[in-house]
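Heads up, the thing below is written out as structure tokens.
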Amino acid sequence: MNIKPKHIFNAVSQEMELICPEYSTIRSQIIRNINKQFPPNIKSFDDIPIESEYYKTKRNENFMIFKNTDIIIFQSPFQAYLFSNYHKNIFADGTFYAAPKFSYQLFITRTYVGEFNINKKNANKFRSNTLITTINSHFFPNINIKYCVWHYKRSLEKQKNILCYHEVKNNNDVYIYYKAISNLPFINPNYIFDIYIIIKRICQKKKYINFLQFLEYFNKNYLLKYNVNNWNYYENIEHLTNNASEFYNSNLNNIFPNKPLFYKLIYILKEEENLSYNDYQRRTKGTWKKKQKIFSATDEIKILIENYRSKEINLFYNGCKRNESIKLWKECLIDLNDININLK
């Protein structure tokens, strides 16, 4: 069974030449024939069976591990092994488009296998899959949540464009303050509020009215509403974004231009699981081509932060006051402005 038949069609049509119809004219018929190979479609979450021959991986292992009235989880023993042994950093992202009509969201979780980290774009994150009908906080209790830095910056950029675009564009001081706020996820969180207050007081004195509205937005949403540790990466510069999970979900969305049939989705998830399994086996056996590590903006940030961390330690042992540490991390924010931080 091939969920992507266009590749086969292209190869066959080249042999048939002029007598082969256009793919666009027979695409719907091909998709209907593929769908007929699956069991009757599931119409509601309650209709999902507890047991099914389709809940087996290509290695004939159990793939569905949990189901209740709201959630069904698919995870192979191989994926369970990875999550048991590499659970320090787990990445998650949900997609509405690749979820069947009767469900709310398809939620993909990925774990990070550190010894395979030789290139940021390599597939060194392995996944598990959750289908959800409703979202409740008790699904994921007692976890340390980290928000994606790219989304943090994107959120600030949107508000900047709404509240103070011209002020930031035309005033270099305001631009520097805006960049400082956008780079706060990288510095020691113990001084974030102090630096925010300093910037706010300067803006009040100089009457940067529009930017003060932006600062108020930042205060309400990122200092009061959310825990700073949820969006600060001072202790873990290595994983700043959720790009790998979002990229994978985007690929799923491309596979399913419309919301998929339940069993077609399960088939694709099992195919992806098998690809990850084979990839992991090749890597553990050393039968993969090692690529040279690419020096990225994340590496630059990490080196810079470690440098300032050392400076702060020296200040502490020299008996310096807190104000000196605040001044130090303000300087760090200025240095961060010189790094081209493109995280997407």
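Order determines the names: the first chain of the structure tokens is A, the second B, and so forth; residues in each chain are numbered 1 upward, and ligands are numbered 1 upward as they are shown.
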
(request) Write out as a PyMOL selection string each polymer residue whose atoms come within 12 Å of Asp47 in chain A, counting only C-alpha atoms; drop sequence neighbours fewer than 6 positions from it. (result) chain A and resi 40-41+67-69+102-103+262

(request) Taking the DSSP assignment computed from this structure's backbone, write out as an MDAnalysis selection string all residues of range 55-268 of chain A that belong to helix (DSSP H, G or I). (result) chainID A and resid 55 77:85 114:116 137:139 149:163 165:170 172:182 184:186 189:206 209:225 228:231 243:255 262:268

(message) Give me the residues near Arg59 in chain A as a VMD selection string, where near means some atom within 12 Å (using only C-alpha atoms) and where sequence neighbours in that chain fewer than 3 positions away do not count.
(response) chain A and resid 55 to 56 62 to 63 76 to 78 270 to 271 273 to 275 277 to 278

(request) For range 248-260 of chain A, work out the shell of residues within 10 Å, counting only C-alpha atoms and skipping chain neighbours fewer than 6 positions away, then give it as a PyMOL selection string. (result) chain A and resi 3-4+35+41+93-102+106-108+127+266+268-269

What are the nearest atom pairs, with distances in Å to one decimal, for all residues of range 181-243 of chain A that come at most 7 Å from range 312-331 of chain A, using only C-alpha atoms, set out by chain and rising residue number as a Markdown table?
| residue | atom | partner | partner_atom | distance |
| --- | --- | --- | --- | --- |
| A:Ile187 | CA | A:Trp329 | CA | 6.8 |
| A:Tyr191 | CA | A:Ile326 | CA | 5.9 |
| A:Ile195 | CA | A:Ile326 | CA | 6.9 |

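Across the structure, CA of Gln281 in chain A and CA of Asn236 in chain A are spaced 28.0 Å apart.
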